[in-house]
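Source file: start.cif (mmCIF, C-alpha atoms)
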```cif
data_query
#
loop_
_atom_site.label_atom_id
_atom_site.label_comp_id
_atom_site.auth_asym_id
_atom_site.auth_seq_id
_atom_site.Cartn_x
_atom_site.Cartn_y
_atom_site.Cartn_z
CA MET A 219 0.00 0.00 0.00
CA MET A 220 1.41 3.33 -1.03
CA ARG A 221 1.53 6.07 1.52
CA PRO A 222 0.04 9.43 0.47
CA GLU A 223 2.76 11.79 -0.67
CA ARG A 224 3.52 14.31 2.06
CA ARG A 225 3.61 17.89 0.82
CA ASP A 226 6.83 19.79 1.49
CA ASP A 227 6.08 23.53 1.70
CA SER A 228 9.66 24.56 2.54
CA THR A 229 10.47 25.65 -1.01
CA SER A 230 7.28 27.63 -1.53
CA SER A 231 7.61 29.15 1.95
CA ALA A 232 11.17 30.29 1.25
CA ALA A 233 10.11 31.78 -2.06
CA ALA A 234 7.23 33.62 -0.40
CA THR A 235 9.59 34.96 2.27
CA ALA A 236 12.07 36.16 -0.36
CA THR A 237 9.28 37.84 -2.34
CA ALA A 238 7.97 39.55 0.78
CA ALA A 239 11.48 40.74 1.64
CA VAL A 240 11.91 42.28 -1.82
CA GLU A 241 8.52 43.97 -1.62
CA ASP A 242 9.41 45.36 1.82
CA VAL A 243 12.60 47.09 0.62
CA PRO A 244 11.02 50.57 0.26
CA GLY A 245 9.52 50.34 3.73
CA GLN A 246 12.76 49.16 5.26
CA VAL A 247 14.72 51.92 3.50
CA ARG A 248 12.21 54.52 4.74
CA THR A 249 12.67 53.29 8.30
CA TYR A 250 16.46 53.35 7.95
CA LEU A 251 16.47 56.92 6.61
CA ALA A 252 13.96 58.11 9.19
CA ASP A 253 16.20 56.76 11.96
CA VAL A 254 19.27 58.53 10.50
CA LEU A 255 17.40 61.83 10.26
CA ALA A 256 15.89 61.50 13.72
CA ARG A 257 19.31 61.02 15.30
CA MET A 258 20.59 64.11 13.55
CA ALA A 259 17.59 66.21 14.52
CA SER A 260 17.93 65.53 18.25
CA ARG A 261 19.79 68.22 20.14
CA PRO A 262 20.02 67.01 23.75
CA ASP A 263 21.62 69.19 26.37
CA PRO A 264 25.14 68.17 27.34
CA ARG A 265 25.14 65.41 29.96
CA SER A 266 27.41 65.45 32.96
CA ASP A 267 28.01 62.86 35.67
CA GLY A 268 29.18 65.60 38.02
CA SER A 269 32.88 64.86 37.61
CA VAL A 270 35.26 67.44 36.20
CA LEU A 271 38.32 66.33 34.26
CA ASP A 272 41.41 68.48 34.15
CA GLU A 273 42.40 69.85 30.77
CA ALA A 274 44.92 67.14 29.92
CA ALA A 275 42.63 64.27 30.96
CA LEU A 276 39.75 65.77 29.03
CA ALA A 277 41.80 66.10 25.85
CA HIS A 278 42.87 62.44 26.13
CA GLU A 279 39.26 61.38 26.75
CA ILE A 280 38.10 63.20 23.63
CA PHE A 281 40.90 61.59 21.64
CA SER A 282 39.57 58.23 22.80
CA VAL A 283 36.11 59.18 21.54
CA ILE A 284 37.43 60.30 18.14
CA THR A 285 39.43 57.10 17.70
CA SER A 286 36.71 54.77 18.98
CA ARG A 287 35.36 52.05 16.70
CA THR A 288 32.32 54.17 15.85
CA PHE A 289 34.37 56.92 14.23
CA CYS A 290 37.76 55.43 13.35
CA TYR A 291 38.74 52.16 11.68
CA LEU A 292 42.39 52.20 12.81
CA GLY A 293 42.08 50.49 16.16
CA ARG A 294 43.70 51.71 19.36
CA GLU A 295 47.24 50.61 18.57
CA LYS A 296 47.35 52.13 15.08
CA ALA A 297 45.68 55.32 16.29
CA GLU A 298 48.19 55.86 19.08
CA PRO A 299 50.85 57.62 16.90
CA TYR A 300 48.31 60.41 16.28
CA ARG A 301 47.62 61.03 19.98
CA GLU A 302 50.32 63.61 20.70
CA ASN A 303 49.41 65.95 17.81
CA VAL A 304 45.65 65.64 18.27
CA VAL A 305 45.71 66.05 22.04
CA GLY A 306 48.05 69.03 21.70
CA SER A 307 45.67 70.65 19.21
CA LEU A 308 42.67 70.01 21.47
CA ARG A 309 44.41 71.51 24.47
CA ARG A 310 45.39 74.64 22.56
CA ARG A 311 41.78 75.13 21.50
CA MET A 312 40.50 74.46 25.05
CA ALA A 313 42.77 77.24 26.30
CA THR A 314 40.75 79.68 24.19
CA GLY A 315 37.43 78.42 25.51
CA GLY A 316 36.15 77.95 21.96
CA PRO A 317 34.83 74.92 20.11
CA PHE A 318 37.25 72.38 18.71
CA ARG A 319 37.92 72.65 14.97
CA PHE A 320 38.04 69.54 12.79
CA PHE A 321 38.98 69.67 9.11
CA TYR A 322 37.68 66.70 7.13
CA ASP A 323 38.65 65.99 3.51
CA ILE A 324 35.59 64.64 1.68
CA GLY A 325 36.76 64.73 -1.93
CA PRO A 326 37.01 66.80 -5.12
CA GLY A 327 33.36 67.84 -5.42
CA TYR A 328 32.10 64.86 -7.39
CA HIS A 329 31.79 61.08 -7.31
CA ALA A 330 33.72 58.77 -9.60
CA THR A 331 31.77 56.74 -12.12
CA THR A 332 31.05 53.11 -11.35
CA ARG A 333 31.20 52.25 -15.07
CA PRO A 334 33.90 54.23 -16.90
CA GLY A 335 32.71 55.17 -20.38
CA LEU A 336 29.15 54.02 -19.71
CA SER A 337 27.94 56.00 -16.70
CA PRO A 338 28.82 59.65 -16.11
CA LEU A 339 30.60 61.23 -13.19
CA ARG A 340 28.13 62.24 -10.48
CA TYR A 341 27.80 65.72 -9.02
CA ASP A 342 24.69 65.16 -6.91
CA VAL A 343 24.64 64.82 -3.15
CA GLY A 344 23.27 61.56 -1.87
CA LEU A 345 23.49 58.90 0.80
CA SER A 346 27.23 59.31 1.33
CA GLU A 347 26.89 63.00 2.18
CA LEU A 348 23.91 62.30 4.44
CA LEU A 349 25.82 59.64 6.37
CA ILE A 350 28.97 61.78 6.62
CA LEU A 351 26.84 64.51 8.17
CA SER A 352 25.28 61.94 10.48
CA GLN A 353 28.74 60.80 11.58
CA VAL A 354 30.05 64.28 12.41
CA SER A 355 26.75 65.15 14.08
CA ALA A 356 27.09 62.09 16.32
CA LEU A 357 30.71 62.97 17.12
CA GLY A 358 29.67 66.54 17.90
CA ARG A 359 27.08 65.31 20.40
CA ARG A 360 29.61 63.03 22.10
CA ILE A 361 32.08 65.91 22.38
CA ARG A 362 29.45 68.29 23.82
CA ASP A 363 28.81 65.75 26.57
CA LEU A 364 32.42 66.24 27.65
CA TYR A 365 33.18 69.80 26.55
CA GLU A 366 30.30 72.25 26.44
CA PRO A 367 31.61 74.51 23.61
CA GLY A 368 31.46 71.46 21.35
CA ALA A 369 33.09 71.31 17.93
CA ARG A 370 32.94 72.79 14.46
CA PHE A 371 33.59 70.73 11.34
CA PHE A 372 35.01 72.06 8.08
CA PHE A 373 34.59 69.81 5.04
CA VAL A 374 37.52 70.31 2.67
CA ILE A 375 36.75 70.05 -1.07
CA ASP A 376 39.75 70.15 -3.42
CA ASN A 377 38.03 70.94 -6.71
CA LEU A 378 40.97 72.85 -8.23
CA CYS A 379 42.92 69.62 -7.91
CA ALA A 380 40.08 67.86 -9.79
CA LEU A 381 40.15 70.53 -12.49
CA ARG A 382 43.88 70.27 -13.14
CA THR A 383 44.12 66.48 -12.73
CA ASN A 384 40.96 65.20 -14.43
CA ASP A 385 39.71 68.24 -16.38
CA VAL A 386 36.54 68.42 -14.28
CA PRO A 387 34.91 71.84 -14.92
CA LEU A 388 34.54 74.10 -11.90
CA PRO A 389 30.84 74.91 -12.56
CA LEU A 390 30.03 71.20 -12.06
CA THR A 391 31.91 70.81 -8.78
CA GLU A 392 30.55 74.16 -7.61
CA GLY A 393 27.07 72.78 -8.30
CA TYR A 394 27.90 69.90 -5.95
CA VAL A 395 29.03 72.42 -3.34
CA HIS A 396 25.72 74.28 -3.69
CA GLY A 397 23.76 71.05 -3.20
CA LEU A 398 25.80 70.07 -0.15
CA ARG A 399 25.29 73.48 1.45
CA ARG A 400 21.55 73.13 0.88
CA LEU A 401 21.63 69.74 2.58
CA ILE A 402 23.55 71.13 5.56
CA GLU A 403 21.08 74.00 5.89
CA GLU A 404 18.02 71.78 5.58
CA LEU A 405 19.36 69.49 8.30
CA ARG A 406 19.99 72.57 10.48
CA LEU A 407 23.68 71.83 10.85
CA SER A 408 25.04 75.16 9.58
CA ALA A 409 26.09 76.21 13.09
CA SER A 410 28.48 73.27 13.33
CA VAL A 411 29.36 72.31 9.72
CA SER A 412 30.93 74.51 7.03
CA LEU A 413 32.60 73.91 3.67
CA LEU A 414 36.15 74.88 2.79
CA VAL A 415 36.19 74.89 -1.01
CA GLU A 416 39.45 75.19 -2.89
CA SER A 417 38.06 77.29 -5.75
CA GLU A 418 36.51 79.73 -3.25
CA GLU A 419 39.60 80.13 -1.12
CA PHE A 420 42.38 80.30 -3.72
CA ASN A 421 42.94 81.95 -7.06
CA LEU A 422 43.34 79.64 -10.07
CA GLU A 423 46.16 81.80 -11.44
CA GLU A 424 48.12 81.32 -8.22
CA TYR A 425 47.37 77.59 -8.31
CA ASP A 426 48.71 77.29 -11.85
CA ARG A 427 51.79 79.33 -10.99
CA LEU A 428 52.61 77.02 -8.08
CA LEU A 429 51.87 73.98 -10.22
CA ALA A 430 54.32 75.12 -12.89
CA ASP A 431 57.06 75.16 -10.26
CA VAL A 432 56.53 71.49 -9.30
CA GLU A 433 59.05 69.27 -11.03
CA VAL A 434 57.69 66.62 -13.40
CA ARG A 435 58.86 63.12 -12.48
CA PRO A 436 57.45 60.58 -14.95
CA LEU A 437 56.78 57.08 -13.67
CA ASN A 438 59.49 54.58 -14.50
CA CYS A 439 57.18 51.56 -14.41
CA ASP A 440 53.94 50.51 -16.03
CA PRO A 441 50.82 51.18 -13.95
CA SER A 442 48.94 48.18 -12.60
CA PRO A 443 45.45 47.37 -13.93
CA ALA A 444 44.03 48.59 -10.61
CA ALA A 445 45.86 51.92 -10.98
CA ILE A 446 44.55 52.34 -14.54
CA ASP A 447 41.03 51.54 -13.35
CA ASN A 448 41.32 54.12 -10.59
CA VAL A 449 42.34 56.81 -13.07
CA ALA A 450 39.52 55.82 -15.43
CA ARG A 451 36.76 56.00 -12.88
CA PHE A 452 37.74 59.52 -11.81
CA LEU A 453 38.08 60.58 -15.44
CA GLY A 454 34.69 59.09 -16.19
CA ARG A 455 35.96 57.15 -19.18
CA SER A 456 38.41 54.42 -20.12
CA CYS A 457 42.02 55.38 -20.65
CA THR A 458 45.24 53.84 -21.90
CA ALA A 459 48.17 52.90 -19.69
CA ALA A 460 50.12 55.82 -21.17
CA GLU A 461 47.42 58.31 -20.23
CA ALA A 462 47.11 56.78 -16.77
CA VAL A 463 50.83 57.39 -16.23
CA GLU A 464 50.40 61.06 -17.15
CA ARG A 465 47.34 61.47 -14.93
CA ILE A 466 49.01 59.79 -11.94
CA GLU A 467 51.98 62.10 -12.22
CA GLN A 468 49.71 65.10 -12.63
CA TYR A 469 47.82 64.08 -9.50
CA ARG A 470 51.08 63.91 -7.55
CA ARG A 471 51.92 67.43 -8.65
CA THR A 472 48.47 68.92 -8.05
CA SER A 473 48.23 67.23 -4.64
CA SER A 474 51.43 68.93 -3.55
CA VAL A 475 50.00 72.32 -4.56
CA THR A 476 46.66 71.63 -2.89
CA ASP A 477 48.38 70.55 0.33
CA ARG A 478 50.57 73.65 0.27
CA LEU A 479 47.58 75.96 -0.12
CA PHE A 480 45.34 74.30 2.44
CA ASP A 481 48.19 74.30 4.96
CA ARG A 482 47.46 78.02 5.23
CA LEU A 483 43.98 77.27 6.57
CA VAL A 484 44.07 73.84 8.19
CA HIS A 485 45.86 74.21 11.51
CA GLU A 486 44.04 71.91 13.93
CA VAL A 487 42.72 68.33 13.78
CA HIS A 488 42.92 67.15 10.16
CA MET A 489 40.97 64.04 9.20
CA THR A 490 40.64 62.03 6.01
CA GLN A 491 38.50 59.03 5.11
CA ARG A 492 41.68 56.96 4.80
CA ALA A 493 44.43 57.77 7.29
CA THR A 494 47.76 59.15 6.14
CA GLY A 495 50.93 59.87 8.08
CA ALA A 496 49.66 63.38 8.76
CA THR A 497 45.88 62.90 8.90
CA LEU A 498 43.70 60.84 11.21
CA GLY A 499 41.31 58.36 9.61
CA PHE A 500 37.60 59.06 10.19
CA ARG A 501 34.79 56.76 9.08
CA PRO A 502 32.50 58.37 6.48
CA PHE A 503 29.69 56.00 7.49
CA PRO A 504 29.17 53.33 10.16
CA GLY A 505 31.56 50.48 9.45
CA GLY A 506 33.12 52.34 6.53
CA ALA A 507 36.83 52.50 5.80
CA GLN A 508 36.68 53.72 2.20
CA ARG A 509 36.68 56.98 0.27
CA THR A 510 33.05 57.51 -0.66
CA GLN A 511 34.01 59.73 -3.61
CA ALA A 512 35.36 56.60 -5.34
CA GLY A 513 31.84 55.51 -6.25
CA GLU A 514 28.23 55.54 -5.10
CA LEU A 515 27.08 54.67 -1.61
CA ALA A 516 24.07 52.34 -1.65
CA LEU A 517 22.14 50.30 0.89
CA ARG A 518 22.22 46.52 1.01
CA ARG A 519 20.58 43.94 3.21
CA THR A 520 22.78 41.78 5.43
CA SER A 521 22.23 38.08 6.01
CA ARG A 522 20.28 39.06 9.12
CA GLY A 523 17.97 41.29 7.13
CA ARG A 524 19.40 44.60 8.32
CA LEU A 525 20.28 47.48 6.02
CA ARG A 526 23.90 48.52 5.82
CA PRO A 527 25.79 50.97 3.57
CA LEU A 528 27.75 49.53 0.65
CA LEU A 529 30.20 51.46 -1.54
CA LEU A 530 29.62 50.57 -5.19
CA THR A 531 32.70 51.10 -7.37
CA SER A 532 33.88 50.01 -10.79
CA ARG A 533 35.34 46.93 -9.12
CA ASN A 534 32.18 45.52 -7.55
CA VAL A 535 29.16 47.12 -9.23
CA ALA A 536 28.73 44.20 -11.65
CA ASP A 537 28.12 41.91 -8.67
CA TYR A 538 24.89 43.72 -7.77
CA ASP A 539 21.47 44.44 -9.18
CA CYS A 540 20.68 48.03 -8.26
CA VAL A 541 17.44 49.98 -8.08
CA ARG A 542 16.95 53.65 -7.33
CA LEU A 543 14.27 54.57 -4.83
CA GLU A 544 12.79 58.05 -4.99
CA MET A 545 11.37 58.96 -1.61
CA PRO A 546 10.50 62.67 -1.51
CA ASP A 547 8.37 62.07 1.58
CA VAL A 548 11.41 61.20 3.70
CA LEU A 549 14.54 62.37 1.85
CA PRO A 550 15.88 65.92 2.30
CA SER A 551 15.08 67.93 -0.83
CA PRO A 552 18.69 68.09 -2.17
CA MET A 553 18.66 64.27 -2.40
CA THR A 554 16.82 62.75 -5.37
CA HIS A 555 17.08 59.06 -4.54
CA VAL A 556 18.71 56.25 -2.60
CA THR A 557 20.16 53.20 -4.35
CA PHE A 558 19.40 49.70 -3.08
CA ALA A 559 21.79 46.91 -4.11
CA SER A 560 21.09 43.17 -4.15
CA PRO A 561 23.68 40.50 -4.99
CA CYS A 562 23.19 39.22 -8.52
CA ALA A 563 21.85 35.71 -8.93
CA PRO A 564 24.66 33.12 -9.36
CA GLU A 565 23.57 32.32 -12.92
CA ARG A 566 24.56 35.83 -13.93
CA PHE A 567 28.21 34.75 -13.57
CA GLY A 568 28.09 31.46 -15.47
CA ALA A 569 28.46 27.82 -14.51
CA ASP A 570 31.96 28.25 -13.09
CA ALA A 571 30.92 30.83 -10.52
CA LYS A 572 31.03 29.85 -6.86
CA LYS A 573 28.55 31.22 -4.40
CA LEU A 574 30.36 33.20 -1.69
#
```
Is it possible to express this structure as structure tokens?
Amino acid sequence: MMRPERRDDSTSSAAATATAAVEDVPGQVRTYLADVLARMASRPDPRSDGSVLDEAALAHEIFSVITSRTFCYLGREKAEPYRENVVGSLRRRMATGGPFRFFYDIGPGYHATTRPGLSPLRYDVGLSELLILSQVSALGRRIRDLYEPGARFFFVIDNLCALRTNDVPLPLTEGYVHGLRRLIEELRLSASVSLLVESEEFNLEEYDRLLADVEVRPLNCDPSPAAIDNVARFLGRSCTAAEAVERIEQYRRTSSVTDRLFDRLVHEVHMTQRATGATLGFRPFPGGAQRTQAGELALRRTSRGRLRPLLLTSRNVADYDCVRLEMPDVLPSPMTHVTFASPCAPERFGADAKKL
């Protein structure tokens, strides 16, 4: 006697769950964005546990906050070499009774293309700028808990460097600057966040005069494929190895001029998205350790179903299916959309692909 076939609903149930998850993306993104904006909108009074730290101890405590996992990817040991300079700068500012001053390099006033030759360079403000503002807003609140005058942040934009390295017209990067200032104003952060824009602070004729004095030192080796790709994505188009060599050398020369000029204005805590010998690394978004100007920041869902930022670049964009979500009911007006990225189905990569 044959037993009745038992129905296995596991496959259909999994498919239904996956479909529901996809359909819920807009709602989940709305909740994520609403949470980000709510945290930025809150302006609690400084908290105090009644204890008073002396000036030196307070400066070291604030250094610990700045280099905590939330704001810095370096880790305690790698951050330690920056302590002396940062603490010294904080103490000098505390002696004046004024807010701390942080200078944060956020890029050339545009975002590199994710598909050189196919997709254009981007001059709009989006999720990366929103999350950078969220990060500095959170740091500002933590600092006010310890030091009532708080902190001011100056975002450094080196668009003259972009003009002379990648031929990016100033009106386009200045349009980005305008959009970012609108975003700062709409989020009511103007009292604590300002922009330091190269084309507004320095004369192009002076820049070119200084650039002409920088010795040309052509590369003596062929650039790697990764180096060529990096040049191409900031150019917005494909390029030959020979052109990449020229652009890399030009970037070295323009960077030296840009650094020389900004040294006139940047005298306190200097931060970059990736740490250098002279600048402290600061995360542009939670968990981030990348330069957001190298591509487009999107949202993805983790294996636990949570949304997390993902930097799409020319090196990983083909691994994802991306959709743009327009949400004027929740997004600040300078932002037109948020991109959601899902891993491509394995069949997109052929029979030899292995699921990670």
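Counting only C-alpha atoms, stretch 508-511 of chain A has the following residues at most 6 Å away, ignoring those fewer than 5 positions along the same chain: Gly325, His329 and Gln491 of chain A.
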**OP:** Report the residues retrieved by the PyMOL selection byres ((chain A and resi 383-388) around 8) from the displayed file, expressed as a ChimeraX atom specification.
**Re:** /A:377-382,389-392,417,452-453,465,468-469,472
Listing only residues of stretch 299-397 of chain A within 8 Å of stretch 548-567 of chain A, what is the closest atom pair and its distance in Å (to one decimal) for each, using all atoms listed in the file, sorted by chain and residue number ascending, as a tab-separated table?
```
residue	atom	partner	partner_atom	distance
A:Asp342	CA	A:Met553	CA	7.6
A:Val343	CA	A:Met553	CA	6.1
A:Gly344	CA	A:Met553	CA	5.4
A:Leu345	CA	A:Val556	CA	6.4
A:Gly397	CA	A:Pro552	CA	6.0
```
Keeping only C-alpha atoms, take the residues you just selected and write them out as a PDB file, in the frame of the given file.
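Generated file (again-v6.pdb):
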```
ATOM      1  CA  ASP A 342      24.690  65.160  -6.910  1.00  0.00           C
ATOM      2  CA  VAL A 343      24.640  64.820  -3.150  1.00  0.00           C
ATOM      3  CA  GLY A 344      23.270  61.560  -1.870  1.00  0.00           C
ATOM      4  CA  LEU A 345      23.490  58.900   0.800  1.00  0.00           C
ATOM      5  CA  GLY A 397      23.760  71.050  -3.200  1.00  0.00           C
TER       6      GLY A 397
END
```
Original post:
Exactly which residues make up the result of the PyMOL selection byres ((chain A and resi 247) around 9) on this file, given as a ChimeraX atom specification?
Top reply: /A:242-246,248-252,517,525,543,556,558
Subject >> Which of A:Leu479, A:Ser442, A:Ala409, A:Glu347 sits closest to A:Leu429 [using all atoms listed in the file] >> reply: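 Ranked by minimum distance to A:Leu429, first place goes to A:Leu479.
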Subject >> Coordinates-based distance that separates atom CA of A:Arg310 from atom CA of A:Arg482 (Å, one decimal) >> reply: 17.8 Å
**OP:** Please indicate the distance in Å from atom CA of A:Gly454 to atom CA of A:Gly335, rounded to one decimal place.
**Re:** 6.1 Å
Subject >> Nearest candidate to A:Leu339 (options A:Ser412, A:Ala507, A:Arg455, A:Val434; using all atoms listed in the file) >> reply: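 Of all the options, A:Arg455 lies closest to A:Leu339.
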Original post:
At what distance in Å, to one decimal, does atom CA of A:Asp481 lie from atom CA of A:Leu292?
Top reply: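 We find that atom CA of A:Leu292 and atom CA of A:Asp481 lie 24.2 Å from each other.
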Subject >> Residues matched by the PyMOL selection byres ((chain A and resi 299) around 12) as a count of residues only >> reply: 21
Please list as a PDB file with C-alpha atoms, in the coordinates of the input every residue within 9 Å of A:Thr288, counting only C-alpha atoms and excluding residues in the same chain fewer than 6 positions away.
```
ATOM      1  CA  GLN A 353      28.740  60.800  11.580  1.00  0.00           C
ATOM      2  CA  ARG A 501      34.790  56.760   9.080  1.00  0.00           C
ATOM      3  CA  PHE A 503      29.690  56.000   7.490  1.00  0.00           C
ATOM      4  CA  PRO A 504      29.170  53.330  10.160  1.00  0.00           C
ATOM      5  CA  GLY A 505      31.560  50.480   9.450  1.00  0.00           C
TER       6      GLY A 505
END
```
**OP:** For A:Phe372, please output as a ChimeraX atom specification all residues within 10 Å (counting only C-alpha atoms; exclusion window: fewer than 5 positions along the same chain).
**Re:** /A:319-324,410-415,484,488
Subject >> Contacts of A:Pro436 at 8 Å (only C-alpha atoms; same-chain gap of 2+ positions) as a count of residues only >> reply: 5
Original post:
What's the 8 Å shell around A:Val283, counting only C-alpha atoms, without same-chain residues fewer than 2 positions away, as a PyMOL selection string?
Top reply: chain A and resi 279-281+285-286+289+357+360-361
Subject >> Nearest candidate to A:Ala313 (options A:Glu433, A:Pro326, A:Cys290, A:Asp272; using only C-alpha atoms) >> reply: A:Asp272
Subject >> Residue among A:Ala450, A:Val475, A:Ile375, A:Ala516 lying closest to A:Gly327, counting all atoms listed in the file >> reply: A:Ile375
Subject >> Selected residue of minimal separation from A:Arg478 among A:Cys540, A:Leu428, A:Val449, A:Ala462, counting only C-alpha atoms >> reply: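 Smallest separation from A:Arg478 among the options: A:Leu428.
When all atoms listed in the file are used to measure the gap to A:Arg400, the shortest distance among A:Val541, A:Arg257, A:Leu348, A:Thr458 belongs to A:Leu348.
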